[in-house]
file data-v4.cif (mmCIF, C-alpha atoms and all ligand atoms)
data_upload
#
loop_
_atom_site.label_atom_id
_atom_site.label_comp_id
_atom_site.auth_asym_id
_atom_site.auth_seq_id
_atom_site.Cartn_x
_atom_site.Cartn_y
_atom_site.Cartn_z
CA ASP A 230 19.05 -15.37 4.40
CA THR A 231 16.36 -18.01 4.81
CA ALA A 232 13.69 -15.46 3.93
CA MET A 233 15.07 -15.48 0.42
CA TYR A 234 14.17 -19.12 0.02
CA ARG A 235 10.89 -20.92 0.11
CA ALA A 236 9.57 -24.38 -0.52
CA LYS A 237 8.23 -24.55 -4.03
CA ALA A 238 5.09 -26.60 -4.48
CA GLN A 239 6.94 -29.07 -6.63
CA GLY A 240 6.53 -32.83 -6.55
CA SER A 241 10.14 -33.19 -5.60
CA GLY A 242 9.59 -31.06 -2.48
CA ARG A 243 12.98 -29.50 -2.94
CA TRP A 244 13.85 -25.91 -1.97
CA GLU A 245 14.63 -23.38 -4.56
CA ALA A 246 15.96 -19.86 -4.50
CA HIS A 247 13.11 -17.40 -4.92
CA VAL A 248 13.93 -14.15 -6.60
CA PRO A 249 11.66 -11.09 -6.41
CA GLY A 250 10.15 -10.51 -9.83
CA SER A 251 9.61 -14.20 -10.48
CA PRO A 252 6.17 -15.41 -11.54
CA ASP A 253 5.00 -16.07 -7.96
CA PRO A 254 3.61 -12.78 -6.58
CA ALA A 255 2.49 -14.27 -3.25
CA ALA A 256 6.00 -15.48 -2.54
CA ASP A 257 7.50 -12.15 -3.65
CA ARG A 258 5.22 -10.43 -1.18
CA LEU A 259 6.27 -12.61 1.76
CA VAL A 260 9.92 -12.05 1.00
CA LEU A 261 9.33 -8.33 0.62
CA LEU A 262 7.48 -8.08 3.94
CA GLU A 263 10.13 -10.01 5.82
CA GLN A 264 12.79 -7.76 4.34
CA LEU A 265 10.73 -4.67 5.14
CA ARG A 266 10.44 -5.67 8.81
CA SER A 267 14.20 -5.90 9.08
CA ALA A 268 14.68 -2.79 6.95
CA ILE A 269 12.87 -0.72 9.58
CA ARG A 270 15.13 -2.15 12.32
CA ASP A 271 18.31 -1.97 10.26
CA GLY A 272 17.90 1.63 9.16
CA GLU A 273 17.28 1.03 5.44
CA LEU A 274 14.31 3.41 5.25
CA ARG A 275 14.82 6.99 4.12
CA VAL A 276 12.59 10.03 4.10
CA HIS A 277 12.64 12.34 1.13
CA TYR A 278 11.04 15.77 1.34
CA GLN A 279 9.08 17.58 -1.33
CA PRO A 280 8.61 21.34 -0.88
CA ARG A 281 5.17 22.82 -0.85
CA MET A 282 5.08 26.35 -2.24
CA ALA A 283 2.94 29.30 -1.24
CA LEU A 284 1.03 30.79 -4.22
CA PRO A 285 1.71 33.55 -4.96
CA GLY A 286 5.06 34.45 -3.52
CA GLY A 287 6.78 31.22 -4.16
CA GLY A 288 8.28 30.63 -0.73
CA VAL A 289 8.58 27.12 0.66
CA SER A 290 5.74 26.96 3.19
CA GLY A 291 6.25 23.34 4.06
CA VAL A 292 7.48 19.95 2.97
CA GLU A 293 5.84 16.55 2.58
CA ALA A 294 7.72 13.57 4.02
CA LEU A 295 7.73 10.65 1.57
CA VAL A 296 9.24 7.32 2.53
CA ARG A 297 11.79 5.44 0.41
CA TRP A 298 13.56 2.15 1.01
CA GLN A 299 17.27 1.87 0.32
CA HIS A 300 17.12 -1.84 -0.48
CA PRO A 301 20.48 -3.60 -0.25
CA THR A 302 20.19 -5.25 -3.66
CA ARG A 303 17.29 -3.58 -5.46
CA GLY A 304 18.33 0.05 -4.98
CA LEU A 305 16.11 2.92 -3.86
CA LEU A 306 12.52 1.66 -3.81
CA GLN A 307 9.56 4.04 -4.15
CA PRO A 308 6.55 3.61 -1.83
CA ASP A 309 4.38 2.22 -4.63
CA SER A 310 6.44 -0.98 -4.47
CA PHE A 311 5.99 -1.64 -0.74
CA ILE A 312 3.33 0.61 0.88
CA ASP A 313 0.36 -1.57 -0.11
CA ALA A 314 1.99 -4.71 1.29
CA ALA A 315 2.92 -2.80 4.46
CA GLU A 316 -0.66 -1.60 4.78
CA GLU A 317 -2.26 -4.99 4.26
CA SER A 318 0.10 -6.78 6.64
CA GLY A 319 0.10 -4.20 9.42
CA VAL A 320 3.83 -3.42 9.00
CA ILE A 321 2.62 0.11 8.18
CA ARG A 322 2.32 0.76 11.93
CA ASP A 323 6.04 0.45 12.56
CA LEU A 324 6.86 2.07 9.25
CA GLY A 325 4.53 4.98 9.96
CA ALA A 326 5.88 5.47 13.47
CA TRP A 327 9.42 5.51 12.08
CA VAL A 328 8.58 8.07 9.37
CA LEU A 329 6.74 10.30 11.86
CA THR A 330 9.66 10.29 14.29
CA GLU A 331 12.18 10.94 11.53
CA ALA A 332 10.15 13.74 9.91
CA VAL A 333 9.42 15.50 13.20
CA GLY A 334 13.10 15.19 14.13
CA GLN A 335 14.07 16.71 10.78
CA ALA A 336 11.73 19.67 11.36
CA VAL A 337 13.48 20.29 14.68
CA ARG A 338 16.92 20.03 13.02
CA TRP A 339 15.86 22.54 10.34
CA ASP A 340 14.59 24.83 13.09
CA ALA A 341 17.94 24.60 14.86
CA ALA A 342 19.71 25.44 11.59
CA GLY A 343 17.31 28.35 11.02
CA VAL A 344 16.67 27.40 7.39
CA ALA A 345 12.92 27.84 7.25
CA PRO A 346 11.18 29.25 10.32
CA GLY A 347 7.65 27.97 10.81
CA LEU A 348 8.00 25.29 8.13
CA GLN A 349 5.05 22.87 8.04
CA MET A 350 5.97 19.18 8.11
CA ALA A 351 3.39 17.00 6.35
CA VAL A 352 3.33 13.25 7.03
CA ASN A 353 1.07 10.69 5.34
CA VAL A 354 -1.21 8.53 7.46
CA SER A 355 -2.80 5.41 5.93
CA ALA A 356 -6.23 3.90 6.58
CA ARG A 357 -4.80 1.30 8.92
CA GLN A 358 -2.79 3.86 10.87
CA LEU A 359 -5.94 5.96 11.21
CA ALA A 360 -7.78 2.95 12.62
CA ASP A 361 -4.97 2.24 15.11
CA THR A 362 -6.17 3.16 18.59
CA GLY A 363 -2.60 4.08 19.55
CA LEU A 364 -2.19 6.72 16.82
CA VAL A 365 -3.20 9.81 18.80
CA ALA A 366 -0.96 8.96 21.77
CA ARG A 367 1.93 8.16 19.43
CA VAL A 368 1.63 11.48 17.62
CA ALA A 369 1.44 13.34 20.94
CA GLY A 370 4.46 11.41 22.26
CA VAL A 371 6.63 12.01 19.19
CA LEU A 372 5.87 15.75 19.22
CA ALA A 373 6.51 16.06 22.96
CA ARG A 374 9.81 14.15 22.86
CA ALA A 375 11.08 16.18 19.92
CA GLY A 376 9.74 19.46 21.26
CA LEU A 377 7.96 20.40 18.02
CA PRO A 378 4.75 22.46 18.40
CA ALA A 379 1.77 20.40 17.20
CA SER A 380 0.72 23.21 14.85
CA ARG A 381 3.84 22.54 12.75
CA LEU A 382 2.69 19.02 11.86
CA VAL A 383 0.21 18.29 9.09
CA LEU A 384 -1.19 14.78 8.82
CA GLU A 385 -2.31 13.88 5.28
CA ILE A 386 -5.07 11.32 5.08
CA THR A 387 -6.56 10.21 1.77
CA GLU A 388 -10.20 10.69 1.09
CA THR A 389 -10.49 6.92 0.64
CA ALA A 390 -8.95 6.22 4.06
CA LEU A 391 -11.29 8.72 5.70
CA MET A 392 -14.37 7.21 4.10
CA HIS A 393 -13.39 3.64 4.97
CA ASP A 394 -14.97 4.06 8.39
CA PRO A 395 -16.07 7.68 8.56
CA GLU A 396 -17.59 7.54 12.04
CA SER A 397 -14.42 6.31 13.71
CA ALA A 398 -12.30 8.55 11.44
CA LEU A 399 -14.28 11.51 12.75
CA THR A 400 -13.51 10.58 16.38
CA THR A 401 -9.79 10.15 15.63
CA LEU A 402 -9.60 13.39 13.63
CA GLN A 403 -11.20 15.26 16.50
CA ALA A 404 -8.65 13.83 18.94
CA LEU A 405 -5.75 14.72 16.61
CA ARG A 406 -7.20 18.18 16.12
CA SER A 407 -7.33 18.72 19.87
CA LEU A 408 -3.60 18.00 20.01
CA GLY A 409 -3.26 20.98 17.70
CA VAL A 410 -1.99 19.16 14.60
CA LEU A 411 -3.33 20.20 11.19
CA LEU A 412 -5.20 17.75 8.99
CA ALA A 413 -5.25 17.50 5.20
CA VAL A 414 -7.48 15.45 2.91
CA ASP A 415 -5.04 13.87 0.43
CA ASP A 416 -5.80 12.90 -3.18
CA PHE A 417 -9.02 14.90 -2.98
CA GLY A 418 -11.47 14.13 -5.75
CA THR A 419 -10.42 10.54 -6.35
CA GLY A 420 -12.34 8.86 -3.52
CA TYR A 421 -15.97 8.79 -2.56
CA SER A 422 -16.26 11.72 -0.20
CA SER A 423 -19.69 12.54 0.95
CA PHE A 424 -20.26 16.21 1.65
CA THR A 425 -22.13 15.11 4.77
CA TYR A 426 -18.85 13.85 6.22
CA LEU A 427 -16.59 16.38 4.62
CA LYS A 428 -18.37 19.21 6.39
CA GLN A 429 -18.06 17.37 9.73
CA PHE A 430 -14.41 16.36 9.45
CA PRO A 431 -12.27 18.92 11.30
CA VAL A 432 -9.78 19.30 8.44
CA ASP A 433 -7.61 22.27 7.51
CA GLU A 434 -6.56 21.53 3.91
CA LEU A 435 -7.75 19.91 0.71
CA LYS A 436 -4.98 18.48 -1.46
CA ILE A 437 -6.35 18.35 -4.99
CA ASP A 438 -5.28 15.12 -6.68
CA ARG A 439 -2.59 15.44 -9.29
CA SER A 440 -4.67 13.65 -11.95
CA PHE A 441 -6.87 16.78 -12.21
CA VAL A 442 -3.92 19.16 -12.03
CA ALA A 443 -2.19 17.25 -14.85
CA GLY A 444 -5.15 17.81 -17.15
CA MET A 445 -6.10 21.34 -16.21
CA THR A 446 -4.27 23.17 -18.99
CA THR A 447 -5.61 20.91 -21.75
CA ASP A 448 -8.93 19.57 -20.49
CA ALA A 449 -11.87 21.83 -19.67
CA GLY A 450 -13.36 19.18 -17.37
CA ASP A 451 -10.18 18.90 -15.30
CA ARG A 452 -9.92 22.66 -15.12
CA ALA A 453 -13.53 22.89 -13.87
CA ILE A 454 -12.83 20.22 -11.25
CA VAL A 455 -9.74 22.01 -9.94
CA ALA A 456 -11.63 25.32 -9.87
CA SER A 457 -14.49 23.67 -7.95
CA CYS A 458 -12.10 22.11 -5.44
CA VAL A 459 -10.44 25.48 -4.80
CA HIS A 460 -13.83 27.17 -4.36
CA LEU A 461 -15.08 24.39 -2.12
CA ALA A 462 -11.96 24.58 0.04
CA HIS A 463 -12.28 28.34 0.42
CA ALA A 464 -16.02 28.22 1.07
CA MET A 465 -15.33 25.76 3.88
CA GLY A 466 -12.48 27.85 5.26
CA LEU A 467 -9.82 25.36 4.15
CA VAL A 468 -6.46 25.81 2.47
CA ALA A 469 -6.40 24.56 -1.16
CA VAL A 470 -3.22 22.70 -2.13
CA ALA A 471 -2.55 21.43 -5.66
CA GLU A 472 -0.48 18.25 -6.06
CA GLY A 473 1.63 17.25 -9.03
CA VAL A 474 2.33 20.65 -10.62
CA GLU A 475 4.73 19.95 -13.48
CA SER A 476 4.75 23.15 -15.56
CA ALA A 477 4.69 26.94 -15.37
CA ASP A 478 1.37 26.87 -17.25
CA GLU A 479 -0.18 24.74 -14.53
CA ARG A 480 1.28 27.01 -11.86
CA ASP A 481 -0.18 30.06 -13.65
CA ALA A 482 -3.59 28.42 -14.02
CA LEU A 483 -3.56 27.62 -10.27
CA LEU A 484 -2.59 31.21 -9.47
CA ALA A 485 -5.52 32.44 -11.58
CA LEU A 486 -7.84 30.16 -9.60
CA ARG A 487 -6.38 31.53 -6.34
CA CYS A 488 -5.18 28.15 -5.20
CA ASP A 489 -3.18 28.73 -1.98
CA GLN A 490 -0.32 26.27 -2.25
CA ALA A 491 1.26 23.98 -4.82
CA GLN A 492 3.57 21.02 -4.87
CA GLY A 493 5.10 19.21 -7.81
CA TYR A 494 8.10 18.39 -9.95
CA PHE A 495 7.96 21.91 -11.44
CA PHE A 496 9.17 23.25 -8.09
CA SER A 497 11.12 20.24 -6.84
CA ARG A 498 11.02 16.47 -6.76
CA PRO A 499 11.09 14.81 -3.35
CA VAL A 500 14.76 14.93 -2.27
CA PRO A 501 16.90 14.00 0.74
CA ALA A 502 16.80 16.51 3.61
CA ASP A 503 20.12 18.13 2.74
CA GLU A 504 19.01 18.75 -0.86
CA VAL A 505 15.76 20.58 -0.13
CA PRO A 506 15.97 23.87 -2.04
CA PHE A 507 15.64 26.45 0.75
CA PRO A 508 14.62 29.20 0.61
CA ALA A 509 13.97 30.61 -2.88
CA THR A 510 16.12 28.73 -5.34
CA VAL A 511 13.03 27.07 -6.81
CA PRO A 512 10.92 28.62 -9.59
CA ALA A 513 8.48 31.15 -8.12
P1 LIG B 601 0.86 11.16 -1.90
O1 LIG B 601 0.83 11.36 -0.43
O2 LIG B 601 -0.29 11.66 -2.68
O3 LIG B 601 2.24 11.82 -2.36
C1 LIG B 601 2.42 12.47 -3.59
C2 LIG B 601 3.09 11.57 -4.59
O4 LIG B 601 3.14 12.25 -5.84
C3 LIG B 601 4.53 11.24 -4.24
O5 LIG B 601 4.84 9.95 -4.75
C4 LIG B 601 5.29 12.30 -5.04
O6 LIG B 601 6.63 11.93 -5.33
C5 LIG B 601 4.47 12.34 -6.29
N1 LIG B 601 4.61 13.61 -6.99
C6 LIG B 601 4.85 14.83 -6.47
N2 LIG B 601 4.91 15.77 -7.42
C7 LIG B 601 4.68 15.15 -8.59
C8 LIG B 601 4.62 15.60 -9.96
O7 LIG B 601 4.77 16.76 -10.28
N3 LIG B 601 4.35 14.65 -10.90
C9 LIG B 601 4.17 13.34 -10.57
N4 LIG B 601 3.93 12.48 -11.56
N5 LIG B 601 4.24 12.88 -9.30
C10 LIG B 601 4.48 13.78 -8.32
P2 LIG B 601 5.59 8.86 -3.88
O8 LIG B 601 6.67 9.51 -3.07
O9 LIG B 601 5.95 7.76 -4.81
O10 LIG B 601 4.48 8.39 -2.87
C11 LIG B 601 3.33 7.73 -3.35
C12 LIG B 601 2.30 7.55 -2.26
O11 LIG B 601 2.81 6.66 -1.25
C13 LIG B 601 1.97 8.83 -1.51
O12 LIG B 601 1.04 9.59 -2.25
C14 LIG B 601 1.40 8.28 -0.23
O13 LIG B 601 0.06 7.90 -0.42
C15 LIG B 601 2.24 7.02 -0.02
N6 LIG B 601 3.30 7.30 0.96
C16 LIG B 601 4.52 7.84 0.77
N7 LIG B 601 5.20 7.93 1.92
C17 LIG B 601 4.37 7.44 2.90
C18 LIG B 601 4.49 7.28 4.32
O14 LIG B 601 5.49 7.63 4.96
N8 LIG B 601 3.40 6.74 4.96
C19 LIG B 601 2.27 6.37 4.30
N9 LIG B 601 1.26 5.85 5.01
N10 LIG B 601 2.13 6.52 2.97
C20 LIG B 601 3.17 7.05 2.28
MG MG B 602 0.41 12.95 0.70
MG MG B 603 -1.67 12.92 -2.76
MG MG B 604 -1.33 9.47 -3.52
#
call {"tool": "encode", "arguments": {"input": "data-v4.cif", "output": "structure tokens", "more": "lines below"}}
Ligand code: C2E
Ligand code: MG
Ligand code: MG
Ligand code: MG
result
Amino acid sequence: DTAMYRAKAQGSGRWEAHVPGSPDPAADRLVLLEQLRSAIRDGELRVHYQPRMALPGGGVSGVEALVRWQHPTRGLLQPDSFIDAAEESGVIRDLGAWVLTEAVGQAVRWDAAGVAPGLQMAVNVSARQLADTGLVARVAGVLARAGLPASRLVLEITETALMHDPESALTTLQALRSLGVLLAVDDFGTGYSSFTYLKQFPVDELKIDRSFVAGMTTDAGDRAIVASCVHLAHAMGLVAVAEGVESADERDALLALRCDQAQGYFFSRPVPADEVPFPATVPA
């Protein structure tokens, strides 16, 4: 594979095998991107699903689709190791389209199997995808081809991505909203949201960042932040979702704050479709 080799800037001008993890990050990145392009074509991407639980009650109300890469030599790669490069290079467009199609198709397969009627399918959308003028048509096309009602799809967009270009984000969100899809602000509390925009964005959910959830049982500041996010969500008519719940204590604290939904390792890690714990085999 020629992509695995590059000319080293050595006086000799000879070629040398370049191995990911070597001290040349720029070269690693090029190799990674070239491999990622073919990975999308060759079917090396996977989607894992993490349940999102209704509080209280404990039922699985939805799942979040999270991409993984079954790399031929490096094993199962988590998004942290390739999403940023995909985003900066534009490969995220193809990757995002693939994940959307796969996740929507999985929702339809689960419907056919009758495992979880009305399940919400949440898919992450990056800043670059949000800025892509083809996004709205692509989402509409994927839903129509699969036959999934738009109201079953949640698009998660980080606060940072929304605030990158809030005016154009607003236009795109409005177009997505008119398709009937639901919109969530992801990693809420970690970006630079302005309330001026937040009140204008036609969103349905706030996903409270896991950094605050992780501290809420030990740190009064984190607890106050989570409480404020839940109150803000409710005051604005939005659903409050807590990310990264790892313990029963955190779950109980969220229940006490009347947080609507929760997601985290306490309930389930992200898993392949056939391992999602339907319906109530997860801690309630
Ligand atoms: P995110 O959308 O905020 O997803 C939540 C991340 O938190 C996931 O990491 C999930 O595995 C992790 N997580 C869930 N529960 C817990 C917990 O209890 N404790 C801890 N420590 N972590 C928990 P993951 O799967 O590595 O994804 C990381 C980020 O990569 C995502 O953050 C999202 O921003 C991005 N991403 C993943 N899949 C896609 C995709 O298909 N498209 C785009 N554009 N971005 C994606
Ligand atoms: Mg997310
Ligand atoms: Mg998040
Ligand atoms: Mg995140």
call {"tool": "closest_atom_pairs", "arguments": {"input": "data-v4.cif", "of": "chain A", "to": "ligand MG 604 (chain B)", "cutoff": "12 Å", "atoms": "all atoms listed in the file", "output": "JSON lines"}}
result
{"residue": "A:Glu293", "atom": "CA", "partner": "B:MG604", "partner_atom": "MG", "distance": 11.8}
{"residue": "A:Leu295", "atom": "CA", "partner": "B:MG604", "partner_atom": "MG", "distance": 10.5}
{"residue": "A:Pro308", "atom": "CA", "partner": "B:MG604", "partner_atom": "MG", "distance": 10.0}
{"residue": "A:Asp309", "atom": "CA", "partner": "B:MG604", "partner_atom": "MG", "distance": 9.3}
{"residue": "A:Ile312", "atom": "CA", "partner": "B:MG604", "partner_atom": "MG", "distance": 10.9}
{"residue": "A:Asp313", "atom": "CA", "partner": "B:MG604", "partner_atom": "MG", "distance": 11.7}
{"residue": "A:Asn353", "atom": "CA", "partner": "B:MG604", "partner_atom": "MG", "distance": 9.3}
{"residue": "A:Val354", "atom": "CA", "partner": "B:MG604", "partner_atom": "MG", "distance": 11.0}
{"residue": "A:Ser355", "atom": "CA", "partner": "B:MG604", "partner_atom": "MG", "distance": 10.4}
{"residue": "A:Glu385", "atom": "CA", "partner": "B:MG604", "partner_atom": "MG", "distance": 9.9}
{"residue": "A:Ile386", "atom": "CA", "partner": "B:MG604", "partner_atom": "MG", "distance": 9.6}
{"residue": "A:Thr387", "atom": "CA", "partner": "B:MG604", "partner_atom": "MG", "distance": 7.5}
{"residue": "A:Glu388", "atom": "CA", "partner": "B:MG604", "partner_atom": "MG", "distance": 10.1}
{"residue": "A:Thr389", "atom": "CA", "partner": "B:MG604", "partner_atom": "MG", "distance": 10.4}
{"residue": "A:Ala390", "atom": "CA", "partner": "B:MG604", "partner_atom": "MG", "distance": 11.2}
{"residue": "A:Val414", "atom": "CA", "partner": "B:MG604", "partner_atom": "MG", "distance": 10.7}
{"residue": "A:Asp415", "atom": "CA", "partner": "B:MG604", "partner_atom": "MG", "distance": 7.0}
{"residue": "A:Asp416", "atom": "CA", "partner": "B:MG604", "partner_atom": "MG", "distance": 5.6}
{"residue": "A:Phe417", "atom": "CA", "partner": "B:MG604", "partner_atom": "MG", "distance": 9.4}
{"residue": "A:Gly418", "atom": "CA", "partner": "B:MG604", "partner_atom": "MG", "distance": 11.4}
{"residue": "A:Thr419", "atom": "CA", "partner": "B:MG604", "partner_atom": "MG", "distance": 9.6}
{"residue": "A:Gly420", "atom": "CA", "partner": "B:MG604", "partner_atom": "MG", "distance": 11.0}
{"residue": "A:Lys436", "atom": "CA", "partner": "B:MG604", "partner_atom": "MG", "distance": 9.9}
{"residue": "A:Ile437", "atom": "CA", "partner": "B:MG604", "partner_atom": "MG", "distance": 10.3}
{"residue": "A:Asp438", "atom": "CA", "partner": "B:MG604", "partner_atom": "MG", "distance": 7.6}
{"residue": "A:Arg439", "atom": "CA", "partner": "B:MG604", "partner_atom": "MG", "distance": 8.4}
{"residue": "A:Ser440", "atom": "CA", "partner": "B:MG604", "partner_atom": "MG", "distance": 10.0}
{"residue": "A:Glu472", "atom": "CA", "partner": "B:MG604", "partner_atom": "MG", "distance": 9.2}
{"residue": "A:Gly473", "atom": "CA", "partner": "B:MG604", "partner_atom": "MG", "distance": 10.0}
call {"tool": "residues_around", "arguments": {"input": "data-v4.cif", "residues": "Gly319 of chain A", "least_positions_apart": "4", "cutoff": "10 Å", "atoms": "only C-alpha atoms", "output": "MDAnalysis selection string"}}
result
chainID A and resid 262 313:315 323:324 357:358 361
call {"tool": "closest_residue", "arguments": {"input": "data-v4.cif", "among": "A:Arg322, A:Arg270, A:Arg338, A:Arg258", "to": "Ala502 of chain A", "atoms": "only C-alpha atoms"}}
result
A:Arg338
call {"tool": "atom_distance", "arguments": {"input": "data-v4.cif", "atom1": "atom C19 of ligand LIG 601 (chain B)", "atom2": "atom CA of Arg374 of chain A"}}
result
21.5 Å
call {"tool": "atom_distance", "arguments": {"input": "data-v4.cif", "atom1": "atom CA of Val410 of chain A", "atom2": "atom CA of Gly466 of chain A"}}
result
16.5 Å
call {"tool": "atom_distance", "arguments": {"input": "data-v4.cif", "atom1": "atom CA of Ala485 of chain A", "atom2": "atom CA of Thr447 of chain A"}}
result
15.4 Å
call {"tool": "closest_residue", "arguments": {"input": "data-v4.cif", "among": "A:Ser380, A:Gln349, A:Gln279, A:Gln335", "to": "ligand MG 603 (chain B)", "atoms": "all atoms listed in the file"}}
result
A:Gln279
call {"tool": "axis_aligned_box", "arguments": {"input": "data-v4.cif", "around": "ligand LIG 601 (chain B)", "padding_each_side": "4 Å", "output": "lines of an AutoDock Vina configuration file"}}
result
center_x = 3.2
center_y = 11.3
center_z = -3.3
size_x = 15.0
size_y = 18.9
size_z = 24.6
call {"tool": "residues_around", "arguments": {"input": "data-v4.cif", "residues": "Val368 of chain A", "least_positions_apart": "2", "cutoff": "12 Å", "atoms": "only C-alpha atoms", "output": "ChimeraX atom specification"}}
result
/A:325-330,332-333,352,354,358-359,361-366,370-379,382-384,401,404-411
call {"tool": "closest_residue", "arguments": {"input": "data-v4.cif", "among": "A:Val344, A:Met282, A:Val292, A:Val468", "to": "ligand MG 602 (chain B)", "atoms": "all atoms listed in the file"}}
result
A:Val292
call {"tool": "closest_residue", "arguments": {"input": "data-v4.cif", "among": "A:Ala398, A:Leu435, A:Met445, A:Ala268", "to": "ligand MG 602 (chain B)", "atoms": "all atoms listed in the file"}}
result
A:Leu435
call {"tool": "closest_residue", "arguments": {"input": "data-v4.cif", "among": "A:Ala464, A:Ile454, A:Val442, A:Val289", "to": "Lys428 of chain A", "atoms": "only C-alpha atoms"}}
result
A:Ala464
call {"tool": "closest_residue", "arguments": {"input": "data-v4.cif", "among": "A:Ala413, A:Asp271, A:Arg281, A:Gly287", "to": "Pro301 of chain A", "atoms": "all atoms listed in the file"}}
result
A:Asp271
call {"tool": "residues_around", "arguments": {"input": "data-v4.cif", "residues": "Pro506 of chain A", "least_positions_apart": "5", "cutoff": "10 Å", "atoms": "all atoms listed in the file", "output": "VMD selection string"}}
result
chain A and resid 279 to 280 289 496 to 497 500 511
